[in-house]
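Undergrad: Take a look at this one; I'll ask things after.
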Amino acid sequence: MSRLDDALREALRREEPPEGFAGRVMARIEARKERAGAWDGLMAAWRGPRLRWAGALAGAVLLIGTAAYQETQRAEGEQAKRQVMLALRITGAKLDLARARIQRVGYGLGDR
Amino acid sequence: MAAAAKAVTIGRAGFEEIVRERQSMVFSIAYHFLHDRAAAEEQAQEVFLQLYKSLGELESPEHLTRWLRRVTSNRCIDVCRRRKLMPRIGLDEVPEPSIPARATDPLLSRAIRRMVASLPEKWRALIVLKYQEEMETEEIARTLGMPAGTVKSQLSRALDFLREKASRVLGEIS
């Protein structure tokens, strides 16, 4: 056995961790269990019929709402298109009227 | 599932007893590796949290001890590699003791611990397991998953390295 062996054995003796080490480990385990417990509880509730029905209902409401919103958007688009077409027709009619008047005035000048 | 079942069987008090019985072993491996009490406590806590999840795999108290030594050593090797801790304690920083060294000298022990903490990770693992845990070559080889021949040769090289540095810094020690 060399002096270095003795020195290493002496220097690398086991030491106790800081006071309360085991308590802190157990607290962390408990905290993890609680987190896991909350998640498990949520999953168990989901597996239960009441939350499943609530989920299905929420999904149906979401689908109907989305469909209704899309229908409203489509109807508003159609109405806007109709209004634009009407405006264009009115504008066209007014332009025809104006052109006819200009032509009449032009002929009148030519007759003199 | 087996781990959960075993944890239920052992119970909170049982697991706490396992922690108390083996905390000095796990903490000391980490401390002699990392040379930092706070970092050693953090790693030791992580090892016990991992143990709680892996209880189902362990078949006997001996298996449990082996598992703890292996997981702690490997975790510390990983931490050292990640943090590049090794250069933080260069051998040149090892203070020269002001009084002649004796085998049980606290200054000598501190200097030796710093030298060990400055070794490459694998050498450090070999030295800590051999001198702290008093493990035989074959046992170290099984723990670290290395061939026994490699353990023997690497250990010899690590000791030669330490002997040379110790004699330079601390005077003749062989």
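Chain identifiers are assigned as A, B, and so on, following the order in which chains appear in the structure tokens; residues are numbered from 1 within each chain, and ligands are numbered from 1 in order of appearance.
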What residues in chain A lie within 12 Å of chain B, counting only C-alpha atoms, written as a ChimeraX atom specification?
TA: /A:1-33
Undergrad: Based on the selection just made, write N, CA and C atoms of those residues as an mmCIF file, in the first residue's frame.
TA:
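Result saved to part-v4.cif:
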```
data_model
loop_
_atom_site.group_PDB
_atom_site.id
_atom_site.type_symbol
_atom_site.label_atom_id
_atom_site.label_comp_id
_atom_site.auth_asym_id
_atom_site.auth_seq_id
_atom_site.Cartn_x
_atom_site.Cartn_y
_atom_site.Cartn_z
ATOM 1 N N MET A 1 0.851 -1.204 0.000
ATOM 2 C CA MET A 1 0.000 0.000 0.000
ATOM 3 C C MET A 1 0.884 1.252 0.000
ATOM 4 N N SER A 2 0.789 2.098 -1.028
ATOM 5 C CA SER A 2 1.655 3.267 -1.111
ATOM 6 C C SER A 2 1.059 4.444 -0.347
ATOM 7 N N ARG A 3 1.878 5.467 -0.163
ATOM 8 C CA ARG A 3 1.378 6.678 0.510
ATOM 9 C C ARG A 3 0.290 7.352 -0.322
ATOM 10 N N LEU A 4 0.449 7.258 -1.639
ATOM 11 C CA LEU A 4 -0.577 7.857 -2.505
ATOM 12 C C LEU A 4 -1.924 7.145 -2.315
ATOM 13 N N ASP A 5 -1.874 5.814 -2.214
ATOM 14 C CA ASP A 5 -3.112 5.058 -1.960
ATOM 15 C C ASP A 5 -3.775 5.549 -0.671
ATOM 16 N N ASP A 6 -2.955 5.675 0.379
ATOM 17 C CA ASP A 6 -3.499 6.130 1.670
ATOM 18 C C ASP A 6 -4.073 7.539 1.550
ATOM 19 N N ALA A 7 -3.316 8.388 0.869
ATOM 20 C CA ALA A 7 -3.753 9.789 0.726
ATOM 21 C C ALA A 7 -5.059 9.861 -0.066
ATOM 22 N N LEU A 8 -5.165 9.034 -1.104
ATOM 23 C CA LEU A 8 -6.399 9.035 -1.910
ATOM 24 C C LEU A 8 -7.582 8.514 -1.091
ATOM 25 N N ARG A 9 -7.338 7.450 -0.353
ATOM 26 C CA ARG A 9 -8.411 6.891 0.485
ATOM 27 C C ARG A 9 -8.897 7.918 1.504
ATOM 28 N N GLU A 10 -7.932 8.615 2.085
ATOM 29 C CA GLU A 10 -8.263 9.622 3.097
ATOM 30 C C GLU A 10 -9.023 10.803 2.459
ATOM 31 N N ALA A 11 -8.521 11.249 1.312
ATOM 32 C CA ALA A 11 -9.113 12.430 0.665
ATOM 33 C C ALA A 11 -10.501 12.127 0.103
ATOM 34 N N LEU A 12 -10.706 10.875 -0.326
ATOM 35 C CA LEU A 12 -11.970 10.535 -0.997
ATOM 36 C C LEU A 12 -12.906 9.738 -0.089
ATOM 37 N N ARG A 13 -12.818 10.021 1.208
ATOM 38 C CA ARG A 13 -13.762 9.354 2.112
ATOM 39 C C ARG A 13 -15.181 9.831 1.824
ATOM 40 N N ARG A 14 -16.151 8.965 2.116
ATOM 41 C CA ARG A 14 -17.548 9.386 1.929
ATOM 42 C C ARG A 14 -17.879 10.558 2.852
ATOM 43 N N GLU A 15 -18.697 11.449 2.336
ATOM 44 C CA GLU A 15 -19.137 12.596 3.143
ATOM 45 C C GLU A 15 -20.652 12.623 3.159
ATOM 46 N N GLU A 16 -21.203 13.154 4.229
ATOM 47 C CA GLU A 16 -22.650 13.297 4.308
ATOM 48 C C GLU A 16 -23.098 14.491 3.459
ATOM 49 N N PRO A 17 -24.223 14.391 2.799
ATOM 50 C CA PRO A 17 -24.727 15.557 2.055
ATOM 51 C C PRO A 17 -25.228 16.629 3.022
ATOM 52 N N PRO A 18 -25.528 17.821 2.540
ATOM 53 C CA PRO A 18 -26.039 18.870 3.428
ATOM 54 C C PRO A 18 -27.304 18.401 4.175
ATOM 55 N N GLU A 19 -27.508 18.975 5.353
ATOM 56 C CA GLU A 19 -28.645 18.629 6.215
ATOM 57 C C GLU A 19 -29.974 18.702 5.441
ATOM 58 N N GLY A 20 -30.825 17.731 5.649
ATOM 59 C CA GLY A 20 -32.156 17.758 5.036
ATOM 60 C C GLY A 20 -32.195 17.241 3.610
ATOM 61 N N PHE A 21 -31.120 16.581 3.185
ATOM 62 C CA PHE A 21 -31.042 16.101 1.802
ATOM 63 C C PHE A 21 -32.207 15.151 1.473
ATOM 64 N N ALA A 22 -32.394 14.135 2.324
ATOM 65 C CA ALA A 22 -33.439 13.130 2.048
ATOM 66 C C ALA A 22 -34.818 13.793 1.983
ATOM 67 N N GLY A 23 -35.046 14.764 2.875
ATOM 68 C CA GLY A 23 -36.331 15.476 2.878
ATOM 69 C C GLY A 23 -36.561 16.217 1.568
ATOM 70 N N ARG A 24 -35.494 16.823 1.057
ATOM 71 C CA ARG A 24 -35.638 17.557 -0.211
ATOM 72 C C ARG A 24 -35.911 16.588 -1.369
ATOM 73 N N VAL A 25 -35.258 15.426 -1.345
ATOM 74 C CA VAL A 25 -35.528 14.429 -2.399
ATOM 75 C C VAL A 25 -36.994 14.007 -2.340
ATOM 76 N N MET A 26 -37.475 13.716 -1.094
ATOM 77 C CA MET A 26 -38.862 13.252 -0.954
ATOM 78 C C MET A 26 -39.848 14.340 -1.387
ATOM 79 N N ALA A 27 -39.503 15.611 -1.087
ATOM 80 C CA ALA A 27 -40.393 16.720 -1.487
ATOM 81 C C ALA A 27 -40.482 16.799 -3.009
ATOM 82 N N ARG A 28 -39.349 16.595 -3.676
ATOM 83 C CA ARG A 28 -39.377 16.645 -5.145
ATOM 84 C C ARG A 28 -40.185 15.480 -5.713
ATOM 85 N N ILE A 29 -40.061 14.312 -5.070
ATOM 86 C CA ILE A 29 -40.851 13.157 -5.535
ATOM 87 C C ILE A 29 -42.347 13.434 -5.356
ATOM 88 N N GLU A 30 -42.708 13.992 -4.195
ATOM 89 C CA GLU A 30 -44.121 14.317 -3.931
ATOM 90 C C GLU A 30 -44.639 15.323 -4.962
ATOM 91 N N ALA A 31 -43.808 16.350 -5.238
ATOM 92 C CA ALA A 31 -44.224 17.380 -6.204
ATOM 93 C C ALA A 31 -44.465 16.752 -7.572
ATOM 94 N N ARG A 32 -43.582 15.838 -7.962
ATOM 95 C CA ARG A 32 -43.749 15.175 -9.261
ATOM 96 C C ARG A 32 -45.000 14.309 -9.277
ATOM 97 N N LYS A 33 -45.237 13.640 -8.120
ATOM 98 C CA LYS A 33 -46.427 12.780 -8.043
ATOM 99 C C LYS A 33 -47.695 13.613 -8.167
#
```
Undergrad: Can you list, as a list in words, every residue of segment 27-58 of chain B that DSSP puts in alpha helix (DSSP H)?
TA: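 In segment 27-58 of chain B, DSSP puts these residues in alpha helix (DSSP H): Phe27, Ser28, Ile29, Ala30, Tyr31, His32, Phe33, Leu34, Arg37, Ala38, Ala39, Ala40, Glu41, Glu42, Gln43, Ala44, Gln45, Glu46, Val47, Phe48, Leu49, Gln50, Leu51, Tyr52, Lys53 and Ser54 of chain B.
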Undergrad: Which neighbours of segment 63-65 of chain B fall inside 10 Å, counting only C-alpha atoms, when residues of the same chain fewer than 3 positions from it are skipped, and could you give them as an mmCIF file with C-alpha atoms, in the first residue's frame?
TA:
```cif
data_model
loop_
_atom_site.group_PDB
_atom_site.id
_atom_site.type_symbol
_atom_site.label_atom_id
_atom_site.label_comp_id
_atom_site.auth_asym_id
_atom_site.auth_seq_id
_atom_site.Cartn_x
_atom_site.Cartn_y
_atom_site.Cartn_z
ATOM 1 C CA ILE B 18 -33.224 3.900 0.980
ATOM 2 C CA ARG B 22 -27.244 5.554 0.418
ATOM 3 C CA MET B 25 -22.401 7.191 -1.205
ATOM 4 C CA VAL B 26 -24.243 8.975 -4.024
ATOM 5 C CA LEU B 51 -34.165 5.635 -8.864
ATOM 6 C CA SER B 54 -36.623 2.663 -11.924
ATOM 7 C CA LEU B 55 -37.334 0.731 -8.719
ATOM 8 C CA GLU B 57 -35.912 -2.949 -12.474
ATOM 9 C CA LEU B 58 -33.910 -3.578 -9.299
ATOM 10 C CA GLU B 59 -33.887 -7.030 -7.817
ATOM 11 C CA SER B 60 -31.744 -6.821 -4.682
ATOM 12 C CA LEU B 68 -26.692 3.903 -7.940
ATOM 13 C CA ARG B 69 -22.907 3.851 -8.472
ATOM 14 C CA ARG B 70 -23.314 3.370 -12.210
ATOM 15 C CA VAL B 71 -25.989 6.026 -12.690
#
```
Undergrad: Mind checking which residues fall within 8 Å of segment 143-155 of chain B, counting only C-alpha atoms, ignoring those fewer than 6 positions away in the same chain, and posting them as a VMD selection string?
TA: chain B and resid 66 to 67 69 to 70 73 to 74 123 126 to 127 137
Undergrad: Record the distance separating atom CA of Leu119 of chain B and atom CA of Asp36 of chain B, expressed in Å with one decimal.
TA: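 Here the two named atoms are 14.9 Å from each other.
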